[in-house]
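Here's my_file.cif, which has mmCIF, C-alpha atoms:
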data_work
#
loop_
_atom_site.group_PDB
_atom_site.id
_atom_site.type_symbol
_atom_site.label_atom_id
_atom_site.label_comp_id
_atom_site.auth_asym_id
_atom_site.auth_seq_id
_atom_site.Cartn_x
_atom_site.Cartn_y
_atom_site.Cartn_z
ATOM 1 C CA MET A 1432 0.000 0.000 0.000
ATOM 2 C CA GLU A 1433 1.419 3.355 -1.058
ATOM 3 C CA PRO A 1434 1.536 6.276 1.410
ATOM 4 C CA ASN A 1435 -1.383 8.690 1.351
ATOM 5 C CA THR A 1436 0.220 11.730 -0.283
ATOM 6 C CA ASN A 1437 -2.643 13.958 0.896
ATOM 7 C CA LYS A 1438 -1.386 13.619 4.458
ATOM 8 C CA GLY A 1439 2.090 14.926 3.718
ATOM 9 C CA GLU A 1440 5.424 13.580 4.843
ATOM 10 C CA VAL A 1441 5.727 10.142 6.461
ATOM 11 C CA VAL A 1442 7.852 10.522 9.602
ATOM 12 C CA ARG A 1443 7.773 6.886 10.736
ATOM 13 C CA GLU A 1444 6.529 3.635 9.277
ATOM 14 C CA PHE A 1445 6.269 0.176 10.766
ATOM 15 C CA PRO A 1446 5.561 -2.128 7.810
ATOM 16 C CA HIS A 1447 2.211 -3.930 7.854
ATOM 17 C CA LEU A 1448 1.128 -1.938 10.936
ATOM 18 C CA PHE A 1449 0.941 1.838 10.423
ATOM 19 C CA ARG A 1450 2.427 5.027 9.004
ATOM 20 C CA ALA A 1451 2.811 8.159 11.097
ATOM 21 C CA TYR A 1452 2.609 11.455 9.191
ATOM 22 C CA LYS A 1453 4.141 14.818 9.965
ATOM 23 C CA ASP A 1454 0.694 16.329 10.591
ATOM 24 C CA GLY A 1455 0.211 13.851 13.470
ATOM 25 C CA SER A 1456 -2.222 11.558 11.678
ATOM 26 C CA ILE A 1457 -1.884 7.770 11.610
ATOM 27 C CA GLU A 1458 -2.655 5.518 8.657
ATOM 28 C CA ARG A 1459 -3.270 1.934 9.767
ATOM 29 C CA LEU A 1460 -2.318 -0.807 7.339
ATOM 30 C CA LEU A 1461 -3.952 -3.726 9.130
ATOM 31 C CA GLY A 1462 -7.063 -4.533 11.115
ATOM 32 C CA THR A 1463 -9.293 -1.684 9.952
ATOM 33 C CA GLU A 1464 -12.219 -3.873 8.829
ATOM 34 C CA THR A 1465 -15.242 -3.977 11.133
ATOM 35 C CA THR A 1466 -18.462 -5.938 11.406
ATOM 36 C CA PRO A 1467 -21.551 -4.998 13.412
ATOM 37 C CA ALA A 1468 -22.844 -6.705 16.533
ATOM 38 C CA GLY A 1469 -26.093 -8.658 16.360
ATOM 39 C CA THR A 1470 -27.290 -12.252 16.107
ATOM 40 C CA ASP A 1471 -24.733 -14.634 14.649
ATOM 41 C CA PRO A 1472 -26.479 -16.852 12.077
ATOM 42 C CA THR A 1473 -24.152 -19.801 12.702
ATOM 43 C CA THR A 1474 -24.126 -19.966 16.503
ATOM 44 C CA ALA A 1475 -27.242 -17.891 17.407
ATOM 45 C CA VAL A 1476 -25.028 -15.940 19.825
ATOM 46 C CA GLU A 1477 -26.269 -12.420 20.550
ATOM 47 C CA SER A 1478 -23.765 -9.567 20.692
ATOM 48 C CA LYS A 1479 -23.933 -5.864 21.427
ATOM 49 C CA ASP A 1480 -21.537 -2.964 21.974
ATOM 50 C CA VAL A 1481 -21.507 -1.153 25.310
ATOM 51 C CA THR A 1482 -19.581 2.065 25.997
ATOM 52 C CA ILE A 1483 -17.883 2.129 29.389
ATOM 53 C CA ASN A 1484 -16.213 5.526 29.275
ATOM 54 C CA PRO A 1485 -17.643 8.129 26.849
ATOM 55 C CA GLN A 1486 -14.597 10.378 27.314
ATOM 56 C CA THR A 1487 -12.088 7.745 26.148
ATOM 57 C CA ASN A 1488 -14.458 5.509 24.152
ATOM 58 C CA VAL A 1489 -13.378 2.482 26.170
ATOM 59 C CA ALA A 1490 -16.043 -0.140 25.451
ATOM 60 C CA VAL A 1491 -16.785 -3.829 25.266
ATOM 61 C CA ARG A 1492 -18.486 -6.019 22.707
ATOM 62 C CA LEU A 1493 -20.590 -8.416 24.779
ATOM 63 C CA TYR A 1494 -21.526 -11.917 23.628
ATOM 64 C CA LEU A 1495 -24.385 -13.936 25.131
ATOM 65 C CA PRO A 1496 -25.035 -17.598 24.233
ATOM 66 C CA SER A 1497 -28.474 -18.388 22.871
ATOM 67 C CA ALA A 1498 -29.471 -20.663 25.756
ATOM 68 C CA ALA A 1499 -28.849 -18.018 28.415
ATOM 69 C CA CYS A 1500 -32.280 -16.408 28.337
ATOM 70 C CA SER A 1501 -34.106 -19.738 28.799
ATOM 71 C CA SER A 1502 -32.085 -20.765 31.845
ATOM 72 C CA SER A 1503 -31.492 -19.379 35.320
ATOM 73 C CA GLN A 1504 -27.999 -20.879 35.407
ATOM 74 C CA LYS A 1505 -25.225 -18.362 35.963
ATOM 75 C CA LEU A 1506 -22.564 -18.491 33.250
ATOM 76 C CA PRO A 1507 -18.777 -18.040 33.349
ATOM 77 C CA ILE A 1508 -17.473 -14.661 32.192
ATOM 78 C CA LEU A 1509 -14.570 -14.359 29.769
ATOM 79 C CA VAL A 1510 -12.802 -11.013 29.475
ATOM 80 C CA TYR A 1511 -11.018 -11.052 26.100
ATOM 81 C CA ILE A 1512 -8.321 -8.613 24.958
ATOM 82 C CA HIS A 1513 -7.509 -8.476 21.255
ATOM 83 C CA GLY A 1514 -4.015 -8.324 19.809
ATOM 84 C CA GLY A 1515 -2.497 -6.085 17.155
ATOM 85 C CA ALA A 1516 0.888 -4.920 18.486
ATOM 86 C CA PHE A 1517 -0.847 -2.373 20.766
ATOM 87 C CA CYS A 1518 -1.554 -0.255 17.672
ATOM 88 C CA VAL A 1519 -3.967 -1.986 15.263
ATOM 89 C CA CYS A 1520 -7.240 -3.973 15.302
ATOM 90 C CA THR A 1521 -10.389 -3.684 17.422
ATOM 91 C CA PRO A 1522 -12.919 -6.123 18.912
ATOM 92 C CA PHE A 1523 -15.122 -5.243 15.938
ATOM 93 C CA ASN A 1524 -12.750 -6.906 13.457
ATOM 94 C CA PRO A 1525 -14.521 -9.773 11.617
ATOM 95 C CA ALA A 1526 -11.906 -12.360 12.606
ATOM 96 C CA TYR A 1527 -12.213 -11.598 16.316
ATOM 97 C CA HIS A 1528 -15.998 -11.380 16.083
ATOM 98 C CA SER A 1529 -16.285 -14.795 14.435
ATOM 99 C CA HIS A 1530 -13.769 -16.357 16.845
ATOM 100 C CA LEU A 1531 -15.579 -15.126 19.937
ATOM 101 C CA ASN A 1532 -18.998 -16.130 18.635
ATOM 102 C CA THR A 1533 -17.598 -19.659 18.381
ATOM 103 C CA VAL A 1534 -15.979 -19.585 21.830
ATOM 104 C CA CYS A 1535 -19.095 -18.096 23.428
ATOM 105 C CA ALA A 1536 -21.358 -20.788 21.992
ATOM 106 C CA GLY A 1537 -18.979 -23.685 22.540
ATOM 107 C CA ALA A 1538 -18.085 -22.880 26.149
ATOM 108 C CA ASN A 1539 -21.483 -21.394 27.094
ATOM 109 C CA VAL A 1540 -19.846 -18.267 28.495
ATOM 110 C CA ILE A 1541 -20.543 -14.558 28.446
ATOM 111 C CA VAL A 1542 -17.712 -12.751 26.652
ATOM 112 C CA ALA A 1543 -16.657 -9.148 27.192
ATOM 113 C CA SER A 1544 -14.246 -8.239 24.378
ATOM 114 C CA VAL A 1545 -12.390 -5.064 25.317
ATOM 115 C CA HIS A 1546 -12.107 -2.022 23.071
ATOM 116 C CA TYR A 1547 -9.051 -0.126 24.331
ATOM 117 C CA ARG A 1548 -7.305 2.923 22.928
ATOM 118 C CA LEU A 1549 -4.528 2.274 20.443
ATOM 119 C CA ALA A 1550 -1.021 3.701 20.342
ATOM 120 C CA PRO A 1551 0.639 5.806 19.058
ATOM 121 C CA GLU A 1552 -2.213 8.354 19.270
ATOM 122 C CA HIS A 1553 -2.797 7.106 22.809
ATOM 123 C CA PRO A 1554 0.637 6.020 23.989
ATOM 124 C CA LEU A 1555 1.084 3.093 26.320
ATOM 125 C CA PRO A 1556 0.247 2.594 29.147
ATOM 126 C CA ALA A 1557 -3.181 3.900 28.017
ATOM 127 C CA GLY A 1558 -4.165 0.487 26.643
ATOM 128 C CA TYR A 1559 -3.215 -1.197 29.910
ATOM 129 C CA ASN A 1560 -5.269 1.287 31.922
ATOM 130 C CA ASP A 1561 -8.242 0.915 29.595
ATOM 131 C CA ALA A 1562 -8.221 -2.879 29.944
ATOM 132 C CA TRP A 1563 -8.125 -2.559 33.721
ATOM 133 C CA GLU A 1564 -11.013 -0.093 33.593
ATOM 134 C CA ALA A 1565 -13.010 -2.603 31.519
ATOM 135 C CA PHE A 1566 -12.204 -5.373 33.984
ATOM 136 C CA LEU A 1567 -13.426 -3.214 36.870
ATOM 137 C CA TRP A 1568 -16.579 -2.447 34.872
ATOM 138 C CA VAL A 1569 -17.248 -6.182 34.607
ATOM 139 C CA ALA A 1570 -16.559 -6.448 38.354
ATOM 140 C CA SER A 1571 -19.169 -3.760 39.046
ATOM 141 C CA HIS A 1572 -21.763 -6.460 38.288
ATOM 142 C CA ALA A 1573 -20.474 -8.845 40.989
ATOM 143 C CA THR A 1574 -23.442 -8.125 43.265
ATOM 144 C CA GLY A 1575 -25.971 -8.138 40.429
ATOM 145 C CA ALA A 1576 -26.401 -4.366 40.527
ATOM 146 C CA GLY A 1577 -24.181 -3.193 37.686
ATOM 147 C CA PRO A 1578 -25.215 -1.129 34.644
ATOM 148 C CA GLU A 1579 -25.441 -4.034 32.159
ATOM 149 C CA PRO A 1580 -28.477 -6.385 32.370
ATOM 150 C CA TRP A 1581 -26.777 -9.305 30.609
ATOM 151 C CA LEU A 1582 -24.039 -9.467 33.239
ATOM 152 C CA ASN A 1583 -26.418 -8.887 36.135
ATOM 153 C CA ALA A 1584 -28.790 -11.634 35.038
ATOM 154 C CA HIS A 1585 -26.429 -14.233 33.621
ATOM 155 C CA GLY A 1586 -22.823 -13.637 34.740
ATOM 156 C CA ASP A 1587 -21.165 -15.677 37.496
ATOM 157 C CA PRO A 1588 -18.665 -13.445 39.336
ATOM 158 C CA LYS A 1589 -17.057 -16.507 40.918
ATOM 159 C CA ASN A 1590 -16.201 -18.067 37.575
ATOM 160 C CA VAL A 1591 -14.193 -15.509 35.589
ATOM 161 C CA PHE A 1592 -11.505 -15.988 32.945
ATOM 162 C CA ILE A 1593 -9.272 -13.619 31.038
ATOM 163 C CA ALA A 1594 -7.631 -14.229 27.671
ATOM 164 C CA GLY A 1595 -5.773 -12.402 24.952
ATOM 165 C CA ASP A 1596 -3.759 -12.981 21.813
ATOM 166 C CA SER A 1597 -0.411 -11.437 20.869
ATOM 167 C CA ALA A 1598 -0.187 -7.970 22.492
ATOM 168 C CA GLY A 1599 -3.590 -8.683 24.022
ATOM 169 C CA GLY A 1600 -1.989 -11.597 25.864
ATOM 170 C CA ASN A 1601 0.539 -9.191 27.316
ATOM 171 C CA ILE A 1602 -2.261 -6.850 28.402
ATOM 172 C CA ALA A 1603 -4.219 -9.757 29.915
ATOM 173 C CA HIS A 1604 -1.175 -10.741 31.979
ATOM 174 C CA ASN A 1605 -0.862 -7.173 33.230
ATOM 175 C CA VAL A 1606 -4.533 -7.019 34.193
ATOM 176 C CA VAL A 1607 -3.971 -10.102 36.342
ATOM 177 C CA MET A 1608 -0.800 -8.650 37.863
ATOM 178 C CA ARG A 1609 -2.673 -5.463 38.723
ATOM 179 C CA GLY A 1610 -5.479 -7.520 40.215
ATOM 180 C CA THR A 1611 -2.889 -9.439 42.198
ATOM 181 C CA ALA A 1612 -1.687 -6.166 43.729
ATOM 182 C CA GLU A 1613 -5.013 -4.338 44.085
ATOM 183 C CA GLY A 1614 -7.612 -7.098 44.254
ATOM 184 C CA PHE A 1615 -10.145 -8.291 41.705
ATOM 185 C CA ALA A 1616 -13.047 -6.183 43.014
ATOM 186 C CA GLY A 1617 -15.366 -9.081 43.812
ATOM 187 C CA LEU A 1618 -14.512 -11.343 40.873
ATOM 188 C CA SER A 1619 -12.951 -14.767 41.319
ATOM 189 C CA LEU A 1620 -10.405 -15.394 38.576
ATOM 190 C CA GLN A 1621 -10.315 -19.047 37.546
ATOM 191 C CA GLY A 1622 -7.849 -18.998 34.686
ATOM 192 C CA MET A 1623 -6.024 -17.175 31.894
ATOM 193 C CA VAL A 1624 -5.489 -18.158 28.256
ATOM 194 C CA LEU A 1625 -2.637 -16.600 26.289
ATOM 195 C CA LEU A 1626 -2.671 -17.165 22.531
ATOM 196 C CA HIS A 1627 0.691 -16.483 20.864
ATOM 197 C CA PRO A 1628 1.465 -13.823 23.496
ATOM 198 C CA PHE A 1629 3.910 -10.974 23.066
ATOM 199 C CA PHE A 1630 6.462 -10.352 25.820
ATOM 200 C CA GLY A 1631 9.762 -8.541 25.592
ATOM 201 C CA ASN A 1632 12.972 -10.538 25.626
ATOM 202 C CA ASP A 1633 16.325 -9.354 27.016
ATOM 203 C CA LYS A 1634 16.589 -6.488 24.496
ATOM 204 C CA LYS A 1635 14.816 -3.176 24.028
ATOM 205 C CA ASP A 1636 11.941 -3.424 21.550
ATOM 206 C CA GLU A 1637 11.956 -0.767 18.788
ATOM 207 C CA LEU A 1638 8.209 -0.735 18.155
ATOM 208 C CA VAL A 1639 7.364 -0.617 21.859
ATOM 209 C CA ALA A 1640 9.823 2.235 22.318
ATOM 210 C CA TYR A 1641 7.856 4.253 19.752
ATOM 211 C CA LEU A 1642 4.472 3.395 21.292
ATOM 212 C CA TYR A 1643 5.469 3.712 24.953
ATOM 213 C CA PRO A 1644 7.383 6.971 25.628
ATOM 214 C CA THR A 1645 8.542 6.041 29.151
ATOM 215 C CA TYR A 1646 9.686 2.556 28.132
ATOM 216 C CA GLU A 1647 13.388 2.047 28.777
ATOM 217 C CA GLY A 1648 13.850 -1.602 27.876
ATOM 218 C CA PRO A 1649 14.031 -4.835 29.888
ATOM 219 C CA SER A 1650 13.594 -3.004 33.194
ATOM 220 C CA ASN A 1651 9.940 -2.475 32.227
ATOM 221 C CA MET A 1652 8.108 -5.450 33.745
ATOM 222 C CA MET A 1653 4.852 -4.753 31.917
ATOM 223 C CA ILE A 1654 6.548 -5.547 28.620
ATOM 224 C CA HIS A 1655 9.255 -7.906 29.861
ATOM 225 C CA ALA A 1656 7.083 -10.011 32.172
ATOM 226 C CA PRO A 1657 9.328 -13.121 32.165
ATOM 227 C CA LEU A 1658 11.977 -11.018 33.930
ATOM 228 C CA ASP A 1659 9.577 -9.786 36.624
ATOM 229 C CA PRO A 1660 10.722 -10.799 40.135
ATOM 230 C CA LYS A 1661 7.061 -10.611 41.225
ATOM 231 C CA LEU A 1662 5.888 -13.125 38.611
ATOM 232 C CA SER A 1663 5.561 -15.819 41.278
ATOM 233 C CA ASP A 1664 2.809 -13.736 42.927
ATOM 234 C CA LEU A 1665 0.518 -14.043 39.881
ATOM 235 C CA ALA A 1666 -2.939 -14.603 41.428
ATOM 236 C CA CYS A 1667 -4.315 -16.980 38.826
ATOM 237 C CA PRO A 1668 -4.750 -20.704 39.513
ATOM 238 C CA ARG A 1669 -4.527 -22.010 35.925
ATOM 239 C CA LEU A 1670 -2.906 -20.886 32.687
ATOM 240 C CA LEU A 1671 -3.089 -22.189 29.137
ATOM 241 C CA ILE A 1672 -0.506 -20.881 26.672
ATOM 242 C CA PHE A 1673 -0.713 -21.508 22.925
ATOM 243 C CA VAL A 1674 2.401 -21.164 20.756
ATOM 244 C CA SER A 1675 3.124 -22.079 17.128
ATOM 245 C CA GLU A 1676 6.258 -23.541 15.595
ATOM 246 C CA ASN A 1677 6.738 -20.850 12.929
ATOM 247 C CA ASP A 1678 5.551 -17.888 14.991
ATOM 248 C CA PHE A 1679 8.125 -15.118 15.365
ATOM 249 C CA LEU A 1680 6.880 -14.759 18.956
ATOM 250 C CA LYS A 1681 7.130 -18.438 19.846
ATOM 251 C CA ASP A 1682 10.173 -17.900 22.067
ATOM 252 C CA ARG A 1683 8.343 -15.145 23.981
ATOM 253 C CA GLY A 1684 5.487 -17.438 24.978
ATOM 254 C CA CYS A 1685 7.931 -20.213 25.821
ATOM 255 C CA SER A 1686 10.072 -17.916 27.969
ATOM 256 C CA TYR A 1687 6.980 -16.806 29.906
ATOM 257 C CA TYR A 1688 6.043 -20.454 30.461
ATOM 258 C CA GLU A 1689 9.533 -21.365 31.660
ATOM 259 C CA ALA A 1690 9.760 -18.299 33.888
ATOM 260 C CA LEU A 1691 6.493 -19.201 35.603
ATOM 261 C CA LYS A 1692 7.716 -22.703 36.298
ATOM 262 C CA LYS A 1693 11.035 -21.474 37.723
ATOM 263 C CA THR A 1694 9.604 -18.798 40.026
ATOM 264 C CA GLY A 1695 7.803 -21.084 42.428
ATOM 265 C CA TRP A 1696 4.406 -19.872 41.226
ATOM 266 C CA LYS A 1697 1.761 -22.158 42.771
ATOM 267 C CA GLY A 1698 -0.638 -22.480 39.837
ATOM 268 C CA GLU A 1699 -0.964 -24.975 36.995
ATOM 269 C CA VAL A 1700 0.297 -24.047 33.539
ATOM 270 C CA GLU A 1701 0.050 -25.913 30.253
ATOM 271 C CA LYS A 1702 1.777 -24.992 26.995
ATOM 272 C CA VAL A 1703 0.394 -26.284 23.693
ATOM 273 C CA GLU A 1704 2.463 -25.965 20.508
ATOM 274 C CA PHE A 1705 1.067 -26.332 17.000
ATOM 275 C CA PRO A 1706 3.639 -27.623 14.480
ATOM 276 C CA GLY A 1707 3.943 -25.869 11.142
ATOM 277 C CA GLU A 1708 1.726 -22.948 12.144
ATOM 278 C CA ASP A 1709 2.342 -19.206 12.291
ATOM 279 C CA HIS A 1710 1.230 -16.275 14.432
ATOM 280 C CA VAL A 1711 -2.528 -16.180 15.251
ATOM 281 C CA PHE A 1712 -3.210 -18.749 12.526
ATOM 282 C CA HIS A 1713 -6.516 -19.590 14.215
ATOM 283 C CA LEU A 1714 -7.810 -16.098 13.352
ATOM 284 C CA LEU A 1715 -6.415 -15.995 9.827
ATOM 285 C CA GLN A 1716 -7.356 -19.564 8.786
ATOM 286 C CA PRO A 1717 -10.116 -20.612 11.181
ATOM 287 C CA SER A 1718 -11.275 -23.602 9.123
ATOM 288 C CA LYS A 1719 -7.899 -25.377 9.353
ATOM 289 C CA GLN A 1720 -7.902 -28.483 11.524
ATOM 290 C CA ASN A 1721 -5.239 -27.057 13.824
ATOM 291 C CA ALA A 1722 -7.319 -23.903 14.267
ATOM 292 C CA LEU A 1723 -10.379 -25.985 15.113
ATOM 293 C CA ASP A 1724 -8.288 -27.985 17.587
ATOM 294 C CA LEU A 1725 -6.984 -24.798 19.237
ATOM 295 C CA VAL A 1726 -10.503 -23.435 19.664
ATOM 296 C CA GLN A 1727 -11.718 -26.726 21.149
ATOM 297 C CA GLN A 1728 -8.876 -26.726 23.676
ATOM 298 C CA PHE A 1729 -9.664 -23.101 24.536
ATOM 299 C CA ILE A 1730 -13.316 -24.054 25.070
ATOM 300 C CA ALA A 1731 -12.429 -27.112 27.150
ATOM 301 C CA PHE A 1732 -10.276 -24.950 29.438
ATOM 302 C CA LEU A 1733 -13.204 -22.573 30.028
ATOM 303 C CA LYS A 1734 -15.551 -25.464 30.814
ATOM 304 C CA GLN A 1735 -13.459 -26.998 33.596
ATOM 305 C CA THR A 1736 -14.998 -27.016 37.062
ATOM 306 C CA PRO A 1737 -14.072 -23.813 38.902
ATOM 307 C CA SER A 1738 -11.883 -23.820 41.981
ATOM 308 C CA THR A 1739 -13.659 -23.319 45.289
ATOM 309 C CA THR A 1740 -10.562 -22.118 47.118
#
Take the structure in the file and give it back as structure tokens.
Amino acid sequence: MEPNTNKGEVVREFPHLFRAYKDGSIERLLGTETTPAGTDPTTAVESKDVTINPQTNVAVRLYLPSAACSSSQKLPILVYIHGGAFCVCTPFNPAYHSHLNTVCAGANVIVASVHYRLAPEHPLPAGYNDAWEAFLWVASHATGAGPEPWLNAHGDPKNVFIAGDSAGGNIAHNVVMRGTAEGFAGLSLQGMVLLHPFFGNDKKDELVAYLYPTYEGPSNMMIHAPLDPKLSDLACPRLLIFVSENDFLKDRGCSYYEALKKTGWKGEVEKVEFPGEDHVFHLLQPSKQNALDLVQQFIAFLKQTPSTT
């Protein structure tokens, strides 16, 4: 895609992600497609968009399985955080929408897919703060008196999961670390799923440095979580980490897995690797057998009996 000459001089470009122009505007090269909420014809899942903060436009796309309205059973809640290198994509992207319709129906869970502000217009840590705000919004329904009827009527605050892919996996980890320090505001976290997560290694990351003005390299534990001396405190009983053989971030997910095991963390963690696959292949080629297998393992994790401790 050629630069938009109407915007003037390009001052910075990250291929396949975005161009930054001298006038301050950003041209995104990926993840700009959107699809509306509504009734999914394949799964009969209902979805709707709910604004949490009108000033920042932080929002969620909520998903409700079709059987929810005919049953008094409380359902698990999944907070999902999309990927896109902190700078592209939204929950309204067709690939995420289709994926979460499938997960919602298969696991019989309510999904809150977080719409957070993107860098560089909103530099990190804005995205981290937005995800935490969305998590607290979900928690505001713990007593059944929150602003959203679907969560009040159908959500089980004692059976909550968080998940994210790529940069969204990094954000999900940081939501849990913040909850570890500050409390989960009445929610009981049962597990976390990280799909091809991004974490920094032992070097400074060039893209992150552009998106996160106060980032100084591996001393930043939000980016470089495997190096965090507080990782053993992670208040999450179970983790499932997906990696792929040909993914450029495979080593990042593996290093997080190994770091957890070495810290003395008391939870249970499983790592699943898909041979021959690339980054977020399950979103890009959802009909592949490996993609179907990944989704089924994701669903099975969400359907396990919650801890009572």
Next on the checklist: Give me the residues near Thr1466 of chain A as a list in words, where near means some atom within 9 Å (using all atoms listed in the file) and where sequence neighbours in that chain fewer than 5 positions away do not count.
Outcome noted: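 Neighbouring residues, sequence-local ones excluded: Phe1523, Asn1524, Pro1525 and His1528 of chain A.
If you look at atom CA of Val1726 of chain A and atom CA of Val1674 of chain A, they are 13.1 Å away from each other.
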Next on the checklist: Suppose a student applies the PyMOL selection byres ((chain A and resi 1510-1520) around 9) to this structure; what residues should they get, written as a ChimeraX atom specification?
Outcome noted: /A:1448-1449,1459-1464,1508-1509,1521-1524,1527,1531,1541-1552,1555,1558,1562,1565-1566,1569,1591-1603,1628-1629,1638-1639,1642
Item to check | Given the PyMOL selection byres ((chain A and resi 1606-1615) around 6), the residues it picks as a PyMOL selection string | outcome: chain A and resi 1563+1603-1605+1616-1618+1665-1666
Item to check | Polymer residues at most 7 Å from segment 1646-1657 of chain A, all atoms listed in the file, same-chain spacing of 4 or more positions, as a PyMOL selection string | outcome: chain A and resi 1605+1630-1636+1640+1686-1687+1690
